[in-house]
Every structure is written in structure tokens, then in C-alpha cells.
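One structure is given here, and the rest of the page talks about it.
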Amino acid sequence: MIGAGQLTRRVVVQRFTSTTNALNEPVKTWQDFISYRAQRKDVSDGEKYAAGQVGASQIARFLIRSTNDSRTITPIDRLSHEGTIWEITGVKEADQGRNRFIEITATRRSEP
């Protein structure tokens, strides 16, 4: 069972939105949607060689409390955590009890 003391990380869910600039032109941008306390579990990491360059990635699972807002998170959104952007690859209800937690799988890439 997960307790509040195990949600030791802060994540911000960002949503891609459209707004207008000073010239009333449409501009697409990422905006903070909501902030959550989370538990983070690193799943894997790896390096790939492509076109003579090295790229690294890391996969982690973030566990957050289930709320009306958190149940709207999809892979179209992204996470900001510790100054890094994580691309969401999966969202599901966690197995810690019905409607208690949401598990988000996300990937962080570091480019050369």
C-alpha cells in the first residue's frame, strides 16, 4: 500500500495548447496543467548509436493520486520533472486499488 510519505517527487503535467500572440496570430505552446506529488521508479536506460552520434534515454514510472484531472492525462501530454521533460508513453490505473492511483510511464531523452 502506498502512503503519502512515499510520494516524494514533484511532477508537473504540461498540456499542448493554442493561444494568440500580440498580433492575434495562433501560437501553439506547452502550458502547465497541474502539479502532483509522485513516486518515481526508474525502469530502464539505454544508449543508441545513430548516424555516428550517441543518444541516451531513460524510462520511469510515476505514480500519482487519482483525481478528476489526473484521469484526463494522455500520451499527448508530457511531464516536467526536476528540470527535464519526459514524454508520456502510457497511462493506466495502478494496481494499488480502484481509483486510488494513476501510473504514468514516461521517457526522457538526452540528445548529444
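Simple scheme: letters A, B, ... for chains in C-alpha cells order, numbers from 1 for residues in each chain, numbers from 1 for ligands in the order shown.
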Near region 82-99 of chain A, within 10 Å and counting only C-alpha atoms, which residues show up once chain neighbours fewer than 6 positions away are dropped, as a PyMOL selection string? chain A and resi 1-2+9-14+58-68+70-76+105-110
Using backbone DSSP assignments, extract all strand (DSSP E or B) residues from region 11-105 of chain A; output them as a count of residues only. 67
Run DSSP on the backbone and tell me which residues of chain A come out as helix (DSSP H, G or I); list them as a list in words. Ala4, Gly5, Gln6, Ser70, Arg71 and Thr72 of chain A
Atomic separation - CA of Thr29 (chain A) relative to CA of Glu103 (chain A), Å: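 Separating CA of Glu103 (chain A) from CA of Thr29 (chain A) is a distance of 25.1 Å.
When only C-alpha atoms are used to measure the gap to Asp42 (chain A), the shortest distance among A:Ile104, A:Asp77, A:Arg15, A:Asn24 belongs to A:Ile104.
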